[in-house]
$ cat data17.txt   # compact mmCIF, C-alpha atoms
# COMPACT_ATOMS: atom_id res chain seq x y z
CA MET A 759 93.40 31.86 36.21
CA LYS A 760 94.81 29.46 38.71
CA LEU A 761 93.52 25.93 38.87
CA TYR A 762 93.96 24.44 42.33
CA ASN A 763 94.64 20.69 42.65
CA ARG A 764 95.34 20.64 38.93
CA GLY A 765 96.88 17.15 38.95
CA ILE A 766 93.94 15.47 40.66
CA ILE A 767 91.33 17.29 38.59
CA ILE A 768 92.94 16.54 35.24
CA ALA A 769 93.62 12.94 36.21
CA GLY A 770 89.99 12.66 37.30
CA ILE A 771 88.73 14.06 34.00
CA VAL A 772 90.95 11.66 32.05
CA VAL A 773 89.72 8.68 34.08
CA PHE A 774 86.08 9.79 33.69
CA LEU A 775 86.41 10.17 29.92
CA ALA A 776 88.14 6.82 29.63
CA VAL A 777 85.35 5.07 31.55
CA ALA A 778 82.52 6.97 29.85
CA THR A 779 83.80 6.28 26.36
CA PHE A 780 84.83 2.70 27.12
CA PRO A 781 81.96 1.08 25.16
CA PHE A 782 82.86 3.09 22.07
CA TRP A 783 86.58 2.36 21.83
CA TYR A 784 86.28 -1.18 23.17
CA ASP A 785 84.03 -2.17 20.24
CA ARG A 786 85.89 -0.05 17.69
CA GLY A 787 86.77 -1.86 14.52
CA LYS A 788 84.84 -4.97 15.53
CA THR A 789 81.86 -5.96 13.48
CA LEU A 790 79.12 -8.10 14.90
CA ALA A 791 77.83 -10.64 12.42
CA PRO A 792 74.19 -9.96 11.55
CA PRO A 793 71.84 -12.53 13.08
CA ALA A 794 71.36 -15.70 11.08
CA ILE A 795 67.73 -16.61 11.54
CA GLU A 796 66.63 -20.08 10.62
CA LEU A 797 63.53 -20.48 8.52
CA ASP A 798 63.83 -24.17 7.71
CA THR A 799 61.55 -25.68 10.32
CA PRO A 800 59.67 -28.81 9.21
CA ALA A 801 56.38 -26.87 9.26
CA ILE A 802 57.74 -24.19 6.93
CA GLN A 803 59.28 -26.78 4.60
CA LYS A 804 55.88 -28.39 4.22
CA LEU A 805 54.28 -25.13 3.08
CA ALA A 806 53.66 -24.93 -0.66
CA ASP A 807 53.75 -21.13 -0.60
CA LYS A 808 56.42 -20.12 1.88
CA ARG A 809 54.75 -16.91 2.91
CA CYS A 810 54.13 -15.54 6.38
CA VAL A 811 50.88 -13.83 7.38
CA GLU A 812 52.05 -10.78 5.46
CA ASP A 813 55.05 -10.36 3.17
CA THR A 814 58.53 -10.72 4.63
CA ALA A 815 59.46 -7.05 4.49
CA PHE A 816 56.26 -6.06 6.28
CA MET A 817 56.71 -8.77 8.91
CA ARG A 818 60.32 -7.78 9.52
CA ASP A 819 59.39 -4.15 10.11
CA ASN A 820 55.98 -4.51 11.72
CA HIS A 821 55.65 -7.88 13.46
CA MET A 822 55.65 -6.18 16.85
CA LYS A 823 52.86 -3.81 15.82
CA LEU A 824 50.93 -6.67 14.27
CA LEU A 825 51.24 -8.73 17.45
CA ALA A 826 50.24 -5.77 19.61
CA SER A 827 47.14 -5.22 17.49
CA TRP A 828 46.33 -8.94 17.67
CA ARG A 829 46.66 -8.78 21.44
CA GLU A 830 44.23 -5.87 21.71
CA SER A 831 41.88 -7.48 19.24
CA VAL A 832 41.69 -10.89 20.90
CA VAL A 833 41.69 -9.87 24.54
CA ARG A 834 39.69 -6.67 24.42
CA LYS A 835 37.50 -6.93 21.32
CA ASN A 836 37.05 -10.69 21.10
CA ILE A 837 37.93 -10.60 17.40
CA ARG A 838 40.20 -13.55 16.79
CA VAL A 839 40.53 -13.83 13.02
CA TYR A 840 43.01 -11.76 11.02
CA THR A 841 42.47 -11.07 7.35
CA ALA A 842 45.78 -10.50 5.61
CA LYS A 843 46.22 -7.95 2.85
CA ASP A 844 45.98 -10.69 0.25
CA GLY A 845 42.69 -11.93 1.71
CA ARG A 846 43.90 -15.04 3.52
CA VAL A 847 42.49 -15.43 7.03
CA PHE A 848 44.42 -16.48 10.11
CA GLU A 849 43.54 -17.15 13.69
CA MET A 850 45.38 -14.61 15.79
CA GLY A 851 47.80 -16.10 18.26
CA LEU A 852 51.44 -16.16 19.23
CA THR A 853 51.76 -19.75 20.43
CA GLY A 854 48.69 -20.77 18.47
CA ASN A 855 49.72 -19.28 15.14
CA CYS A 856 53.27 -17.84 14.84
CA LEU A 857 55.00 -20.66 16.69
CA LYS A 858 53.14 -23.30 14.67
CA CYS A 859 55.54 -22.52 11.82
CA HIS A 860 58.38 -20.84 13.69
CA GLU A 861 58.84 -23.70 16.12
CA ASN A 862 62.42 -22.67 16.71
CA LYS A 863 62.03 -19.58 18.89
CA SER A 864 65.64 -19.81 20.06
CA ARG A 865 66.96 -19.76 16.51
CA PHE A 866 64.37 -17.39 15.07
CA CYS A 867 62.90 -14.83 17.49
CA ASP A 868 65.79 -14.80 19.94
CA ARG A 869 68.59 -14.39 17.39
CA CYS A 870 67.30 -11.06 16.13
CA HIS A 871 66.12 -9.86 19.52
CA ASP A 872 69.51 -10.61 21.08
CA TYR A 873 71.27 -8.82 18.23
CA ALA A 874 69.02 -5.78 18.52
CA GLY A 875 69.19 -5.85 22.30
CA VAL A 876 65.42 -5.98 22.76
CA LYS A 877 63.82 -8.06 25.46
CA PRO A 878 60.17 -8.70 24.65
CA THR A 879 58.17 -9.82 27.66
CA CYS A 880 55.85 -12.09 25.62
CA TRP A 881 57.40 -15.29 26.95
CA ASN A 882 56.81 -14.46 30.60
CA CYS A 883 53.32 -15.80 30.03
CA HIS A 884 52.98 -17.13 26.48
CA ASN A 885 54.12 -20.69 26.07
CA ASN A 886 57.04 -21.75 23.97
CA PRO A 887 56.52 -25.41 22.97
CA GLU A 888 60.25 -25.71 22.32
CA GLU A 889 60.98 -25.20 26.02
CA VAL A 890 58.24 -27.47 27.28
CA LEU A 891 58.88 -30.52 25.16
CA MET B 1220 58.79 48.87 10.36
CA ALA B 1221 55.03 48.71 10.81
CA PRO B 1222 53.20 46.98 7.92
CA THR B 1223 51.23 49.09 5.53
CA ARG B 1224 47.49 48.67 5.29
CA ARG B 1225 47.94 46.61 2.11
CA GLU B 1226 50.54 44.28 3.73
CA PHE B 1227 48.34 43.83 6.81
CA LEU B 1228 45.38 42.79 4.67
CA ILE B 1229 47.51 40.31 2.68
CA ILE B 1230 48.85 38.70 5.90
CA ALA B 1231 45.37 38.58 7.44
CA GLY B 1232 43.95 36.98 4.29
CA LEU B 1233 46.71 34.37 4.08
CA SER B 1234 46.24 33.58 7.79
CA ALA B 1235 42.53 33.02 7.22
CA ILE B 1236 43.31 30.61 4.38
CA GLY B 1237 45.94 28.92 6.51
CA SER B 1238 43.52 28.40 9.40
CA ALA B 1239 41.22 26.56 7.02
CA CYS B 1240 44.07 24.21 6.08
CA PRO B 1241 44.46 21.97 9.21
CA PRO B 1242 41.41 19.90 8.25
CA LEU B 1243 43.12 19.24 4.92
CA GLY B 1244 46.28 18.25 6.81
CA ARG B 1245 44.27 15.90 8.95
CA ILE B 1246 42.69 14.28 5.88
CA ILE B 1247 46.14 13.64 4.40
CA ALA B 1248 47.42 12.25 7.71
CA LYS B 1249 44.40 9.97 7.98
CA GLU B 1250 44.99 8.68 4.50
CA THR B 1251 48.54 7.65 5.36
CA THR B 1252 47.66 5.96 8.66
CA SER B 1253 44.78 4.02 7.17
CA ARG B 1254 47.14 2.68 4.54
CA GLY B 1255 49.20 1.15 7.33
CA THR B 1256 46.25 -0.12 9.37
CA LEU B 1257 46.90 -3.64 10.54
CA LEU B 1258 43.41 -4.87 11.20
CA PRO B 1259 41.22 -4.60 8.12
CA GLY B 1260 37.86 -5.68 9.53
CA ALA B 1261 38.65 -9.20 10.58
CA PRO B 1262 35.54 -11.37 10.67
CA GLU B 1263 34.68 -13.16 13.90
CA SER B 1264 35.28 -16.88 14.01
CA ALA B 1265 32.14 -18.74 13.01
CA PRO B 1266 31.55 -21.50 15.56
CA ALA B 1267 31.92 -19.26 18.64
CA LEU B 1268 29.25 -19.51 21.33
CA LYS B 1269 27.55 -16.19 21.82
CA ALA B 1270 25.10 -14.75 24.29
CA LYS B 1271 23.57 -11.48 25.33
CA ARG B 1272 24.48 -12.18 28.92
CA TRP B 1273 26.43 -15.22 30.06
CA ALA B 1274 25.50 -16.63 33.45
CA MET B 1275 25.97 -19.79 35.49
CA VAL B 1276 23.74 -21.78 37.78
CA VAL B 1277 25.37 -23.84 40.52
CA ASP B 1278 23.04 -26.51 41.87
CA ALA B 1279 24.82 -27.16 45.14
CA ASN B 1280 22.41 -30.00 45.99
CA LYS B 1281 23.95 -32.06 43.24
CA CYS B 1282 27.50 -31.41 44.47
CA CYS B 1283 29.24 -34.31 46.17
CA ASP B 1284 31.37 -33.25 49.09
CA ASP B 1285 34.65 -34.78 48.03
CA CYS B 1286 34.33 -34.05 44.33
CA ALA B 1287 36.76 -31.58 42.82
CA ASP B 1288 36.23 -32.40 39.14
CA CYS B 1289 35.22 -28.87 38.15
CA MET B 1290 38.16 -27.34 39.98
CA THR B 1291 40.71 -29.76 38.54
CA ALA B 1292 39.37 -29.32 35.02
CA CYS B 1293 39.38 -25.53 35.28
CA HIS B 1294 42.83 -25.29 36.78
CA GLU B 1295 44.26 -27.68 34.21
CA ALA B 1296 42.63 -25.88 31.30
CA HIS B 1297 43.95 -22.50 32.38
CA ASN B 1298 47.37 -23.37 33.79
CA VAL B 1299 46.40 -22.28 37.29
CA PRO B 1300 49.35 -23.02 39.57
CA ALA B 1301 48.86 -25.36 42.54
CA ILE B 1302 50.71 -23.44 45.25
CA ALA B 1303 50.52 -25.08 48.67
CA ASN B 1304 51.37 -21.94 50.66
CA PRO B 1305 47.94 -20.39 51.39
CA ASN B 1306 49.46 -16.89 51.31
CA HIS B 1307 50.47 -17.37 47.68
CA GLU B 1308 47.53 -19.50 46.59
CA VAL B 1309 45.96 -18.85 43.18
CA LYS B 1310 42.44 -20.06 42.46
CA TRP B 1311 39.75 -19.65 39.83
CA ILE B 1312 37.12 -22.00 41.26
CA TRP B 1313 37.39 -23.48 44.71
CA PRO B 1314 35.29 -25.13 47.47
CA GLU B 1315 33.90 -23.06 50.32
CA ARG B 1316 31.61 -23.82 53.29
CA PHE B 1317 28.05 -22.47 53.30
CA GLU B 1318 28.80 -19.97 56.09
CA ASN B 1319 31.54 -18.43 53.95
CA VAL B 1320 29.57 -18.45 50.71
CA PHE B 1321 26.42 -16.96 52.22
CA PRO B 1322 27.50 -15.29 55.47
CA ALA B 1323 24.26 -13.27 55.78
CA GLU B 1324 22.04 -16.34 55.32
CA SER B 1325 24.05 -18.47 57.73
CA HIS B 1326 23.00 -18.80 61.39
CA ALA B 1327 23.58 -21.09 64.35
CA HIS B 1328 20.51 -23.25 63.79
CA ILE B 1329 20.65 -23.84 60.07
CA GLN B 1330 20.03 -27.41 58.84
CA GLU B 1331 23.06 -29.57 59.33
CA ASN B 1332 23.26 -30.75 55.72
CA VAL B 1333 23.36 -27.12 54.58
CA ARG B 1334 25.90 -26.12 57.21
CA LYS B 1335 28.22 -28.89 56.16
CA LYS B 1336 27.68 -28.26 52.46
CA ILE B 1337 30.76 -27.61 50.34
CA ILE B 1338 29.89 -25.22 47.55
CA PRO B 1339 32.03 -24.39 44.51
CA VAL B 1340 32.60 -20.65 44.19
CA LEU B 1341 34.10 -18.62 41.37
CA CYS B 1342 34.10 -15.11 39.92
CA ASN B 1343 30.48 -13.91 39.76
CA HIS B 1344 31.01 -11.86 36.59
CA CYS B 1345 28.98 -9.09 38.16
CA ASP B 1346 26.87 -6.73 36.11
CA ASN B 1347 28.17 -3.92 38.28
CA PRO B 1348 31.70 -5.13 38.94
CA PRO B 1349 33.60 -3.16 41.61
CA CYS B 1350 36.90 -4.58 40.37
CA VAL B 1351 36.38 -2.92 37.00
CA ARG B 1352 35.47 0.38 38.61
CA VAL B 1353 38.65 0.54 40.66
CA CYS B 1354 41.16 -0.78 38.12
CA PRO B 1355 43.49 2.14 37.35
CA THR B 1356 44.74 0.78 34.02
CA GLY B 1357 41.61 -0.71 32.50
CA ALA B 1358 43.23 -4.13 32.74
CA THR B 1359 39.99 -5.59 33.98
CA PHE B 1360 36.87 -4.73 32.02
CA ARG B 1361 33.37 -5.95 31.39
CA ARG B 1362 32.57 -7.32 27.96
CA ALA B 1363 29.25 -6.64 26.27
CA ASP B 1364 28.23 -10.25 26.93
CA GLY B 1365 28.85 -9.75 30.66
CA ILE B 1366 32.15 -11.55 31.03
CA VAL B 1367 34.47 -9.65 33.36
CA MET B 1368 37.82 -10.04 31.67
CA MET B 1369 41.40 -9.73 32.81
CA ASP B 1370 43.87 -8.26 30.35
CA SER B 1371 47.10 -9.42 31.96
CA HIS B 1372 49.06 -7.31 29.49
CA ARG B 1373 47.82 -4.16 31.21
CA CYS B 1374 47.78 -5.42 34.82
CA ILE B 1375 50.32 -3.61 37.01
CA GLY B 1376 49.63 -5.77 40.05
CA CYS B 1377 48.34 -2.92 42.22
CA LYS B 1378 45.86 -5.28 43.96
CA ILE B 1379 43.09 -2.67 44.28
CA CYS B 1380 40.70 -5.05 42.53
CA LEU B 1381 41.72 -7.72 45.00
CA ALA B 1382 40.44 -5.49 47.78
CA ALA B 1383 37.39 -4.34 45.81
CA CYS B 1384 36.02 -7.81 45.03
CA PRO B 1385 33.63 -8.85 47.83
CA PHE B 1386 33.91 -12.51 46.82
CA GLY B 1387 37.66 -13.03 47.01
CA ALA B 1388 37.50 -14.22 43.44
CA ARG B 1389 40.79 -12.65 42.45
CA SER B 1390 44.27 -13.93 43.14
CA ILE B 1391 47.61 -12.26 42.63
CA ASN B 1392 50.71 -14.12 41.61
CA PHE B 1393 53.02 -13.35 44.50
CA VAL B 1394 55.54 -15.80 43.05
CA ASN B 1395 56.33 -16.97 39.55
CA PRO B 1396 53.48 -19.41 38.90
CA ARG B 1397 55.23 -21.47 36.21
CA PRO B 1398 57.07 -23.95 38.44
CA PHE B 1399 53.76 -24.75 40.19
CA ILE B 1400 51.79 -25.69 37.09
CA ARG B 1401 51.26 -29.44 37.20
CA LYS B 1402 50.42 -30.07 33.56
CA LEU B 1403 50.95 -27.24 31.13
CA ASN B 1404 48.18 -26.59 28.61
CA LEU B 1405 50.06 -25.11 25.66
CA ASP B 1406 46.90 -23.57 24.20
CA PHE B 1407 46.45 -21.16 27.10
CA PRO B 1408 49.09 -18.76 28.36
CA THR B 1409 50.36 -18.84 31.92
CA ARG B 1410 50.64 -15.75 34.06
CA MET B 1411 53.73 -14.10 35.50
CA LYS B 1412 54.70 -12.85 38.92
CA GLY B 1413 52.82 -9.68 39.82
CA VAL B 1414 49.62 -10.02 37.80
CA ILE B 1415 46.09 -10.70 38.99
CA GLU B 1416 44.10 -13.61 37.65
CA LYS B 1417 40.61 -15.01 38.03
CA CYS B 1418 37.92 -17.06 36.31
CA ASN B 1419 37.28 -15.85 32.75
CA PHE B 1420 34.06 -17.84 32.21
CA CYS B 1421 36.18 -19.79 29.72
CA GLU B 1422 35.93 -17.02 27.16
CA ASP B 1423 38.80 -18.66 25.27
CA ARG B 1424 36.77 -21.87 24.97
CA LEU B 1425 33.51 -20.07 24.13
CA ALA B 1426 35.34 -18.46 21.21
CA ARG B 1427 36.09 -21.96 19.94
CA GLY B 1428 32.53 -23.10 20.53
CA ILE B 1429 33.23 -25.16 23.66
CA LEU B 1430 31.40 -24.83 26.97
CA PRO B 1431 33.38 -23.95 30.11
CA ALA B 1432 35.71 -26.63 31.43
CA CYS B 1433 34.02 -26.86 34.84
CA VAL B 1434 30.59 -27.31 33.26
CA LEU B 1435 31.77 -30.14 31.02
CA ALA B 1436 33.77 -31.78 33.83
CA CYS B 1437 30.82 -31.99 36.25
CA GLN B 1438 29.35 -35.49 36.07
CA GLU B 1439 26.38 -34.53 38.25
CA LYS B 1440 25.46 -31.69 35.88
CA ALA B 1441 25.49 -29.37 38.89
CA LEU B 1442 26.94 -26.51 36.85
CA VAL B 1443 24.85 -25.06 34.06
CA PHE B 1444 26.05 -22.31 31.77
CA GLY B 1445 24.05 -20.23 29.34
CA ASP B 1446 22.47 -16.98 28.25
CA VAL B 1447 20.38 -15.53 31.05
CA GLU B 1448 18.71 -13.11 28.63
CA ASP B 1449 17.43 -15.96 26.48
CA PRO B 1450 14.15 -17.34 27.94
CA ASN B 1451 14.79 -20.75 26.36
CA SER B 1452 18.32 -21.21 27.66
CA LYS B 1453 19.10 -23.99 30.13
CA VAL B 1454 20.02 -21.40 32.73
CA ARG B 1455 16.64 -19.70 32.47
CA GLN B 1456 14.76 -23.01 32.49
CA ILE B 1457 16.33 -23.83 35.85
CA LEU B 1458 15.90 -20.32 37.27
CA ASP B 1459 12.22 -20.38 36.24
CA LYS B 1460 11.60 -23.64 38.11
CA LYS B 1461 13.78 -23.46 41.21
CA PHE B 1462 14.41 -20.89 43.92
CA SER B 1463 17.86 -19.39 43.46
CA ILE B 1464 20.03 -17.01 45.44
CA ARG B 1465 23.12 -15.02 44.63
CA ARG B 1466 26.13 -14.32 46.80
CA ARG B 1467 25.89 -11.06 48.76
CA ALA B 1468 23.35 -9.58 46.36
CA GLU B 1469 22.72 -6.81 48.92
CA LEU B 1470 26.02 -5.22 47.89
CA GLY B 1471 24.53 -4.31 44.54
CA THR B 1472 27.23 -5.84 42.36
CA LYS B 1473 24.57 -7.90 40.56
CA PRO B 1474 26.37 -11.26 40.50
CA GLN B 1475 25.58 -13.55 37.59
CA VAL B 1476 26.33 -16.88 39.25
CA TYR B 1477 23.11 -18.24 40.72
CA TYR B 1478 23.04 -20.84 43.50
CA ILE B 1479 20.37 -23.42 44.15
CA LEU B 1480 20.46 -24.94 47.64

$ encode --input "data17.txt" --output "structure tokens"
Amino acid sequence: MKLYNRGIIIAGIVVFLAVATFPFWYDRGKTLAPPAIELDTPAIQKLADKRCVEDTAFMRDNHMKLLASWRESVVRKNIRVYTAKDGRVFEMGLTGNCLKCHENKSRFCDRCHDYAGVKPTCWNCHNNPEEVL
Amino acid sequence: MAPTRREFLIIAGLSAIGSACPPLGRIIAKETTSRGTLLPGAPESAPALKAKRWAMVVDANKCCDDCADCMTACHEAHNVPAIANPNHEVKWIWPERFENVFPAESHAHIQENVRKKIIPVLCNHCDNPPCVRVCPTGATFRRADGIVMMDSHRCIGCKICLAACPFGARSINFVNPRPFIRKLNLDFPTRMKGVIEKCNFCEDRLARGILPACVLACQEKALVFGDVEDPNSKVRQILDKKFSIRRRAELGTKPQVYYIL
């Protein structure tokens, strides 16, 4: 089998592979430090029982689902109180509840979201007191 | 090789048992999802104001021409941007001349004080809301208590509701509204570029047991808010005594903002 323009084709394939695999070999061997989230806001320090709405493991895995269900509940069902698994009740709200303790969005929410490369659109509308004041 | 009679019967029998199994599978699946359910019957907040059917009465006779208290209060409470460009304007409650509020009732020889009247107008929270009917995503919907709500999370900015509303009560954010908000109210979210917004009958305040911002701001008590299904409500007391009209009632949208002129 004869390959016409062999030089150009093979050079092209080499260049393509180099560009396509660039992200993989560029980052090879480097480790990105896991995000250091800060939980020492004044509001959290004041809490006797330093416990979020649900336990930490649940919140870490499911906060987005919890917030989505809160959103549906408040806006569409007009149910605004959340009863946690341990029976405590909370008013549902992002600015009105979560950010009351986690005042440091830039050092709490953003650190993990930047690390994971997710861009939640919450803050297009919901207020972040940190930015305003 | 073709199955023997015995093999065929065994396969047919097992298949029959198997076809009875999916319900069992569904029960197991249900069990697991309910374990992860995030909303275990949250109770409603106690002091919320409730009604069978919220409605508003606007006594335009009590309105002073230059007064904008209701509009300022509303727009401050809900972070409504003050955009000067009329093409990009966003409004929840705004002043309008009689001829624009009641075009069918207006004529060349109407009393001068009525012709010159400035009347506050807002979303009518129709019983038969055309905006809700046309919304392709269900972003706007009618609550059981009559409030026509906007769920900005679902709004795709298609503007069909804008065209469907006969009252011009809906505005779209053609530009990012945040730089135009004079004084940010942290307790209420802003909107973003590309979503529709309108009066929400202060449902966020009703949930906290507070009357709408415009009603509380009006010093002349020209705006009255209440349950139109309750014969003892303030709204019904006024409607029982005075002659009231609604905007463009002939369209059949059944508006729930009543005007007294």

$ interface_residues --input "data17.txt" --of "chain A" --to "chain B" --cutoff "6 Å" --atoms "all atoms listed in the file" --output "list of chain:residue names"
A:Ile837, A:Val839, A:Tyr840, A:Thr841, A:Asn882, A:Cys883, A:His884, A:Asn885

$ residues_near_point --input "data17.txt" --point "(26.1, -12.6, 20.1)" --cutoff "10 Å" --atoms "all atoms listed in the file" --output "list of chain:residue names"
B:Ala1267, B:Leu1268, B:Lys1269, B:Ala1270, B:Lys1271, B:Arg1272, B:Ala1363, B:Asp1364, B:Asp1446

$ atom_distance --input "data17.txt" --atom1 "atom CA of Cys867 of chain A" --atom2 "atom CA of Asn820 of chain A"
13.7 Å

$ closest_residue --input "data17.txt" --among "B:Asn1298, B:Phe1444, B:Ile1375, B:Arg1466" --to "Phe1317 of chain B" --atoms "all atoms listed in the file"
B:Arg1466

$ atom_distance --input "data17.txt" --atom1 "atom CA of Asn862 of chain A" --atom2 "atom CA of Pro1398 of chain B"
22.4 Å

$ residues_around --input "data17.txt" --residues "Thr799 of chain A" --least-positions-apart "2" --cutoff "9 Å" --atoms "all atoms listed in the file" --output "ChimeraX atom specification"
/A:796-797,801-804,859-862

$ residues_near_point --input "data17.txt" --point "(35.6, -1.1, 38.4)" --cutoff "12 Å" --atoms "only C-alpha atoms" --output "list in words"
His1344, Cys1345, Asp1346, Asn1347, Pro1348, Pro1349, Cys1350, Val1351, Arg1352, Val1353, Cys1354, Pro1355, Thr1356, Gly1357, Ala1358, Thr1359, Phe1360, Arg1361, Val1367, Met1368, Met1369, Ile1379, Cys1380, Leu1381, Ala1382, Ala1383, Cys1384 and Thr1472 of chain B

$ atom_distance --input "data17.txt" --atom1 "atom CA of Met850 of chain A" --atom2 "atom CA of Val811 of chain A"
10.1 Å

$ residues_around --input "data17.txt" --residues "Glu1324 of chain B" --least-positions-apart "2" --cutoff "12 Å" --atoms "all atoms listed in the file" --output "ChimeraX atom specification"
/B:1317-1322,1326-1330,1333-1334,1464-1469,1480

$ closest_residue --input "data17.txt" --among "A:Met822, A:Phe774, A:Phe848, A:Val833" --to "Val876 of chain A" --atoms "all atoms listed in the file"
A:Met822

$ closest_residue --input "data17.txt" --among "B:Pro1450, B:Pro1266, B:Gly1376, B:Gly1237" --to "Arg1424 of chain B" --atoms "only C-alpha atoms"
B:Pro1266

$ decode --input "data17.txt" --residues "segment 800-850 of chain A" --atoms "C-alpha atoms" --output "PDB file, in the first residue's frame"
ATOM      1  CA  PRO A 800     -17.750  34.162  63.764  1.00  0.00           C
ATOM      2  CA  ALA A 801     -21.285  32.782  63.394  1.00  0.00           C
ATOM      3  CA  ILE A 802     -20.047  29.184  63.378  1.00  0.00           C
ATOM      4  CA  GLN A 803     -17.719  29.807  66.327  1.00  0.00           C
ATOM      5  CA  LYS A 804     -20.685  31.031  68.347  1.00  0.00           C
ATOM      6  CA  LEU A 805     -22.616  27.800  67.766  1.00  0.00           C
ATOM      7  CA  ALA A 806     -22.639  25.443  70.738  1.00  0.00           C
ATOM      8  CA  ASP A 807     -23.223  22.424  68.507  1.00  0.00           C
ATOM      9  CA  LYS A 808     -21.214  22.968  65.353  1.00  0.00           C
ATOM     10  CA  ARG A 809     -23.558  21.080  63.102  1.00  0.00           C
ATOM     11  CA  CYS A 810     -24.972  22.071  59.735  1.00  0.00           C
ATOM     12  CA  VAL A 811     -28.588  21.423  58.739  1.00  0.00           C
ATOM     13  CA  GLU A 812     -27.673  17.786  58.237  1.00  0.00           C
ATOM     14  CA  ASP A 813     -24.452  15.956  59.095  1.00  0.00           C
ATOM     15  CA  THR A 814     -21.248  16.961  57.328  1.00  0.00           C
ATOM     16  CA  ALA A 815     -20.967  13.885  55.132  1.00  0.00           C
ATOM     17  CA  PHE A 816     -24.543  14.302  53.914  1.00  0.00           C
ATOM     18  CA  MET A 817     -24.060  18.017  53.279  1.00  0.00           C
ATOM     19  CA  ARG A 818     -20.826  17.426  51.389  1.00  0.00           C
ATOM     20  CA  ASP A 819     -22.461  14.904  49.074  1.00  0.00           C
ATOM     21  CA  ASN A 820     -25.972  16.298  48.811  1.00  0.00           C
ATOM     22  CA  HIS A 821     -25.993  20.053  49.445  1.00  0.00           C
ATOM     23  CA  MET A 822     -26.846  20.698  45.801  1.00  0.00           C
ATOM     24  CA  LYS A 823     -29.796  18.311  45.918  1.00  0.00           C
ATOM     25  CA  LEU A 824     -30.924  19.769  49.221  1.00  0.00           C
ATOM     26  CA  LEU A 825     -30.783  23.295  47.819  1.00  0.00           C
ATOM     27  CA  ALA A 826     -32.621  22.240  44.666  1.00  0.00           C
ATOM     28  CA  SER A 827     -35.378  20.678  46.758  1.00  0.00           C
ATOM     29  CA  TRP A 828     -35.546  23.809  48.918  1.00  0.00           C
ATOM     30  CA  ARG A 829     -35.875  25.903  45.788  1.00  0.00           C
ATOM     31  CA  GLU A 830     -38.790  23.832  44.485  1.00  0.00           C
ATOM     32  CA  SER A 831     -40.381  23.757  47.902  1.00  0.00           C
ATOM     33  CA  VAL A 832     -40.243  27.499  48.582  1.00  0.00           C
ATOM     34  CA  VAL A 833     -41.018  28.842  45.130  1.00  0.00           C
ATOM     35  CA  ARG A 834     -43.496  26.289  43.877  1.00  0.00           C
ATOM     36  CA  LYS A 835     -45.072  24.744  46.978  1.00  0.00           C
ATOM     37  CA  ASN A 836     -44.822  27.659  49.403  1.00  0.00           C
ATOM     38  CA  ILE A 837     -43.367  25.348  52.053  1.00  0.00           C
ATOM     39  CA  ARG A 838     -40.551  27.253  53.682  1.00  0.00           C
ATOM     40  CA  VAL A 839     -39.564  25.225  56.730  1.00  0.00           C
ATOM     41  CA  TYR A 840     -37.194  22.269  56.543  1.00  0.00           C
ATOM     42  CA  THR A 841     -37.230  19.561  59.171  1.00  0.00           C
ATOM     43  CA  ALA A 842     -33.828  17.922  59.439  1.00  0.00           C
ATOM     44  CA  LYS A 843     -33.395  14.212  60.051  1.00  0.00           C
ATOM     45  CA  ASP A 844     -32.726  14.888  63.718  1.00  0.00           C
ATOM     46  CA  GLY A 845     -35.941  16.893  64.052  1.00  0.00           C
ATOM     47  CA  ARG A 846     -34.524  20.408  64.109  1.00  0.00           C
ATOM     48  CA  VAL A 847     -36.400  22.867  61.898  1.00  0.00           C
ATOM     49  CA  PHE A 848     -34.852  25.456  59.614  1.00  0.00           C
ATOM     50  CA  GLU A 849     -36.173  28.161  57.382  1.00  0.00           C
ATOM     51  CA  MET A 850     -35.179  27.285  53.857  1.00  0.00           C
TER      52      MET A 850
END
